[in-house]
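Containing mmCIF, C-alpha atoms: data.cif.
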data_target
loop_
_atom_site.label_atom_id
_atom_site.label_comp_id
_atom_site.auth_asym_id
_atom_site.auth_seq_id
_atom_site.Cartn_x
_atom_site.Cartn_y
_atom_site.Cartn_z
CA MET V 1 84.47 -31.92 3.26
CA PHE V 2 81.27 -30.09 4.12
CA VAL V 3 81.96 -26.39 4.71
CA VAL V 4 79.31 -23.90 5.85
CA LEU V 5 79.37 -20.12 5.72
CA GLU V 6 77.22 -18.43 8.34
CA GLY V 7 76.55 -14.81 9.20
CA PRO V 8 74.03 -12.03 8.97
CA ASP V 9 72.52 -10.90 5.70
CA SER V 10 75.01 -8.87 3.64
CA SER V 11 78.08 -10.31 5.37
CA GLY V 12 79.54 -11.55 2.07
CA LYS V 13 78.52 -15.22 2.01
CA SER V 14 77.58 -15.20 -1.69
CA THR V 15 80.85 -13.52 -2.63
CA GLN V 16 82.80 -16.09 -0.61
CA LEU V 17 80.96 -18.95 -2.33
CA GLU V 18 82.32 -17.66 -5.66
CA LEU V 19 85.85 -17.02 -4.40
CA LEU V 20 86.09 -20.37 -2.62
CA ALA V 21 84.78 -22.21 -5.69
CA GLU V 22 87.53 -20.56 -7.76
CA ALA V 23 90.14 -21.48 -5.15
CA MET V 24 88.98 -25.11 -5.12
CA GLN V 25 89.01 -25.27 -8.93
CA GLU V 26 92.59 -23.94 -8.99
CA ARG V 27 93.58 -26.72 -6.59
CA GLY V 28 91.77 -29.41 -8.59
CA ILE V 29 89.29 -30.10 -5.79
CA PRO V 30 85.82 -31.10 -7.05
CA CYS V 31 83.40 -28.75 -5.35
CA VAL V 32 79.69 -27.90 -5.22
CA THR V 33 78.53 -24.50 -3.97
CA THR V 34 74.97 -24.05 -2.77
CA ARG V 35 72.80 -22.02 -0.43
CA GLU V 36 69.88 -22.15 1.95
CA PRO V 37 67.12 -21.50 1.47
CA GLY V 38 66.95 -22.16 -2.25
CA GLY V 39 69.47 -24.87 -3.12
CA THR V 40 66.88 -27.04 -4.90
CA LYS V 41 63.95 -26.38 -7.24
CA LEU V 42 61.50 -26.66 -4.34
CA GLY V 43 63.91 -24.63 -2.23
CA ALA V 44 63.81 -21.77 -4.72
CA GLU V 45 60.03 -21.64 -4.32
CA LEU V 46 60.31 -21.79 -0.54
CA ARG V 47 62.93 -19.01 -0.65
CA GLU V 48 60.47 -16.82 -2.52
CA LEU V 49 57.83 -17.45 0.17
CA LEU V 50 60.25 -16.94 3.05
CA LEU V 51 61.94 -13.76 1.88
CA SER V 52 59.18 -11.88 0.08
CA PRO V 53 58.99 -8.42 1.70
CA SER V 54 55.25 -8.31 1.06
CA ARG V 55 54.59 -11.48 3.08
CA THR V 56 54.15 -11.92 6.82
CA MET V 57 54.34 -15.21 8.68
CA ARG V 58 54.46 -16.55 12.18
CA PRO V 59 57.87 -17.56 13.58
CA LEU V 60 56.98 -21.27 13.74
CA THR V 61 55.80 -21.23 10.12
CA GLU V 62 59.12 -19.64 9.15
CA LEU V 63 61.09 -22.31 11.02
CA LEU V 64 59.09 -25.19 9.52
CA LEU V 65 59.58 -23.84 5.98
CA MET V 66 63.33 -23.45 6.59
CA VAL V 67 63.54 -27.00 7.91
CA ALA V 68 61.55 -28.34 4.94
CA ASP V 69 63.94 -26.56 2.58
CA ARG V 70 66.93 -28.01 4.45
CA HIS V 71 65.62 -31.59 4.30
CA GLU V 72 65.19 -31.42 0.52
CA HIS V 73 68.58 -29.74 0.17
CA VAL V 74 70.43 -32.35 2.22
CA GLU V 75 68.84 -35.24 0.37
CA GLU V 76 68.99 -33.80 -3.18
CA VAL V 77 72.26 -31.86 -3.15
CA ILE V 78 74.53 -32.20 -0.12
CA ARG V 79 74.56 -35.94 0.59
CA PRO V 80 74.88 -36.96 -3.09
CA ALA V 81 77.77 -34.53 -3.63
CA LEU V 82 79.62 -35.74 -0.54
CA ALA V 83 79.01 -39.38 -1.54
CA ALA V 84 80.52 -38.59 -4.96
CA GLY V 85 83.70 -37.30 -3.30
CA ARG V 86 83.02 -33.60 -3.83
CA TRP V 87 83.49 -30.82 -1.32
CA VAL V 88 80.28 -28.93 -0.52
CA ILE V 89 80.42 -25.25 0.38
CA CYS V 90 77.06 -24.00 1.57
CA SER V 91 75.77 -20.56 2.51
CA ARG V 92 73.79 -21.18 5.72
CA TYR V 93 72.87 -24.44 7.40
CA VAL V 94 71.44 -25.60 10.74
CA LEU V 95 73.08 -22.88 12.84
CA SER V 96 71.10 -20.25 10.88
CA SER V 97 67.80 -21.75 11.98
CA VAL V 98 68.92 -22.06 15.59
CA VAL V 99 70.04 -18.41 15.56
CA TYR V 100 67.29 -16.76 13.48
CA GLN V 101 64.20 -18.76 14.39
CA GLY V 102 65.25 -20.47 17.61
CA ILE V 103 66.85 -17.52 19.39
CA ALA V 104 66.07 -14.27 17.53
CA ARG V 105 62.42 -15.31 17.01
CA ASP V 106 62.21 -16.73 20.56
CA LEU V 107 61.04 -20.22 19.55
CA GLY V 108 63.85 -21.84 21.54
CA ALA V 109 67.17 -23.22 20.39
CA ASP V 110 66.18 -26.74 21.47
CA MET V 111 63.13 -26.84 19.21
CA ALA V 112 65.13 -25.57 16.23
CA GLU V 113 67.89 -28.10 16.87
CA GLN V 114 65.48 -31.03 17.20
CA LEU V 115 63.62 -30.22 13.99
CA ASN V 116 66.90 -29.78 12.14
CA GLN V 117 68.25 -33.06 13.50
CA ALA V 118 65.26 -34.81 11.95
CA ALA V 119 65.57 -32.88 8.68
CA THR V 120 69.30 -33.52 8.21
CA GLY V 121 69.52 -37.02 9.63
CA GLY V 122 72.31 -35.71 11.84
CA LEU V 123 74.54 -34.48 9.00
CA VAL V 124 76.90 -31.86 10.43
CA ALA V 125 79.40 -29.57 8.76
CA ASP V 126 83.11 -30.36 8.99
CA TYR V 127 83.87 -26.64 9.14
CA THR V 128 81.68 -23.64 9.90
CA PHE V 129 82.84 -20.08 9.28
CA LEU V 130 80.97 -17.14 10.78
CA LEU V 131 81.47 -14.06 8.63
CA ASP V 132 81.24 -11.61 11.49
CA LEU V 133 80.20 -7.98 11.09
CA PRO V 134 79.10 -5.38 13.65
CA PRO V 135 75.29 -5.18 13.50
CA GLU V 136 75.33 -1.54 12.35
CA LEU V 137 77.54 -2.38 9.38
CA ALA V 138 75.58 -5.52 8.40
CA TYR V 139 72.26 -3.71 8.63
CA GLY V 140 73.61 -0.73 6.72
CA ARG V 141 74.68 -2.97 3.83
CA THR V 142 71.34 -4.73 3.36
CA GLY V 143 69.36 -2.37 1.17
CA LEU V 144 66.29 -3.96 2.82
CA ARG V 145 65.75 -6.24 -0.18
CA ASP V 146 63.83 -8.96 1.62
CA ARG V 147 61.64 -9.67 4.65
CA LEU V 148 64.46 -10.73 6.99
CA GLU V 149 66.67 -7.80 6.03
CA GLY V 150 63.88 -5.44 7.08
CA GLU V 151 63.79 -6.67 10.68
CA GLY V 152 65.76 -3.73 12.09
CA LEU V 153 69.03 -3.10 13.87
CA SER V 154 68.01 -4.68 17.19
CA PHE V 155 67.24 -7.95 15.37
CA TYR V 156 70.70 -7.86 13.76
CA ALA V 157 72.30 -7.34 17.17
CA LYS V 158 70.37 -10.29 18.58
CA VAL V 159 71.44 -12.47 15.64
CA ARG V 160 75.12 -11.56 16.02
CA ASN V 161 75.14 -12.21 19.78
CA ALA V 162 73.47 -15.59 19.27
CA TYR V 163 75.97 -16.60 16.57
CA LEU V 164 78.97 -15.67 18.71
CA GLU V 165 77.59 -17.50 21.73
CA LEU V 166 76.63 -20.68 19.87
CA LEU V 167 79.81 -20.86 17.82
CA GLU V 168 81.86 -21.53 20.95
CA SER V 169 80.33 -25.01 21.24
CA GLN V 170 80.55 -25.93 17.54
CA PRO V 171 83.40 -28.26 16.53
CA GLY V 172 85.31 -26.97 13.51
CA ALA V 173 83.86 -23.47 13.91
CA HIS V 174 85.78 -20.26 13.26
CA VAL V 175 84.96 -16.56 13.36
CA VAL V 176 86.24 -14.54 10.40
CA ASP V 177 86.36 -10.73 10.43
CA ALA V 178 84.08 -9.84 7.51
CA THR V 179 85.07 -6.16 7.60
CA GLN V 180 88.17 -7.20 5.64
CA SER V 181 88.26 -7.25 1.85
CA PRO V 182 86.61 -10.27 0.20
CA GLU V 183 90.06 -11.57 -0.81
CA GLU V 184 91.32 -11.34 2.77
CA VAL V 185 88.23 -13.12 4.07
CA CYS V 186 88.74 -15.88 1.50
CA ARG V 187 92.39 -16.29 2.47
CA ALA V 188 91.42 -16.52 6.15
CA ILE V 189 88.95 -19.31 5.37
CA LEU V 190 91.37 -21.21 3.13
CA ALA V 191 94.08 -21.02 5.79
CA ARG V 192 91.86 -23.04 8.16
CA LEU V 193 90.90 -25.79 5.69
CA PRO V 194 92.88 -29.01 5.16
CA LEU V 195 93.76 -28.32 1.54
CA PRO V 196 96.19 -30.41 -0.51
#

For the structure just supplied, provide its representation as structure tokens.
Amino acid sequence: MFVVLEGPDSSGKSTQLELLAEAMQERGIPCVTTREPGGTKLGAELRELLLSPSRTMRPLTELLLMVADRHEHVEEVIRPALAAGRWVICSRYVLSSVVYQGIARDLGADMAEQLNQAATGGLVADYTFLLDLPPELAYGRTGLRDRLEGEGLSFYAKVRNAYLELLESQPGAHVVDATQSPEEVCRAILARLPLP
């Protein structure tokens, strides 16, 4: 299974990667956890470029770097793990680019989807979980550590609205209330997965 965690910055995706990995290990399910950007060696370098608070870049440059990271990630990490019979749990995937660069950066959802289709070879997640937080809460949690976190409250509101709208058309997609405790969020995700 290929499982993706989506949501705004500071919604708890990294915490859920850890908790879900533990839950899979307890069940004897071979699992790989990873993230975007940064799931490969090249991806780590791209992540540094993309998130550095001292750097500015045009929206299309940002989208192209995200897509480049995703292509390497799919080919180096995700496809090989799935082919080996492992579950893959990933923080962010295609929907992030459609939301952040396509919609919130006004490049157009269609452009973001087309570039990602080429980058992933059409690989889609079996399950997508949106860790949903009110924009005020998500923005308040950030600490403004990176470039995207410093975009402001209106950007966070735009991101949330886009996620909620797009998720309706995604097969295997679920919204999870991320205001709950991390353990409750994890249980809500596990309850929707076809676990042995």

Selected residue, from V:Leu49, V:Leu107, V:Ala138, V:Leu123, that lies nearest to His71 (chain V) when counting only C-alpha atoms: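 For His71 (chain V), the nearest of the candidates is V:Leu123.
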
Spatial neighbours of region 33-45 of chain V, max dist 12 Å, only C-alpha atoms, sep filter under 2 positions, as a count of residues only: 57

The PyMOL selection byres ((chain V and resi 179-192) around 9) - which residues does that actually catch in the file I just gave you? List them as a ChimeraX atom specification. /V:11-12,15-16,19-20,23,127,129,131-134,137,174,176-178,193-195

Can you measure CA of Val124 (chain V) to CA of Phe155 (chain V) for me? One decimal in Å is fine.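 It comes out at 26.3 Å.
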
Please compute the CA of Asn161 (chain V)-CA of Leu130 (chain V) distance, one decimal, in Å.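 It comes out at 11.8 Å.
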
In terms of the shortest atom-to-atom distance over only C-alpha atoms, which of V:Met111, V:Gly7, V:Leu153, V:Gly102 is closest to Val175 (chain V)?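 For Val175 (chain V), the nearest of the candidates is V:Gly7.
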
Between CA of Tyr163 (chain V) and CA of Val98 (chain V), what is the spacing in Å?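 Spanning CA of Val98 (chain V) to CA of Tyr163 (chain V) is a straight-line distance of 9.0 Å.
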
Residue with the minimum atom-to-atom distance to Pro135 (chain V), picked from V:Pro8, V:Gly108, V:Gly121, V:Pro59 with only C-alpha atoms counted, is V:Pro8

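Minimum distance to Ser10 (chain V) across V:Glu168, V:Arg160, V:Pro196, V:Tyr139 (counting only C-alpha atoms) occurs at V:Tyr139.
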
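Minimum atom-to-atom distances from V:Ala84, V:Ala119, V:Glu113, V:Asp106 to Leu166 (chain V) were compared using only C-alpha atoms, and the lowest value belongs to V:Glu113.
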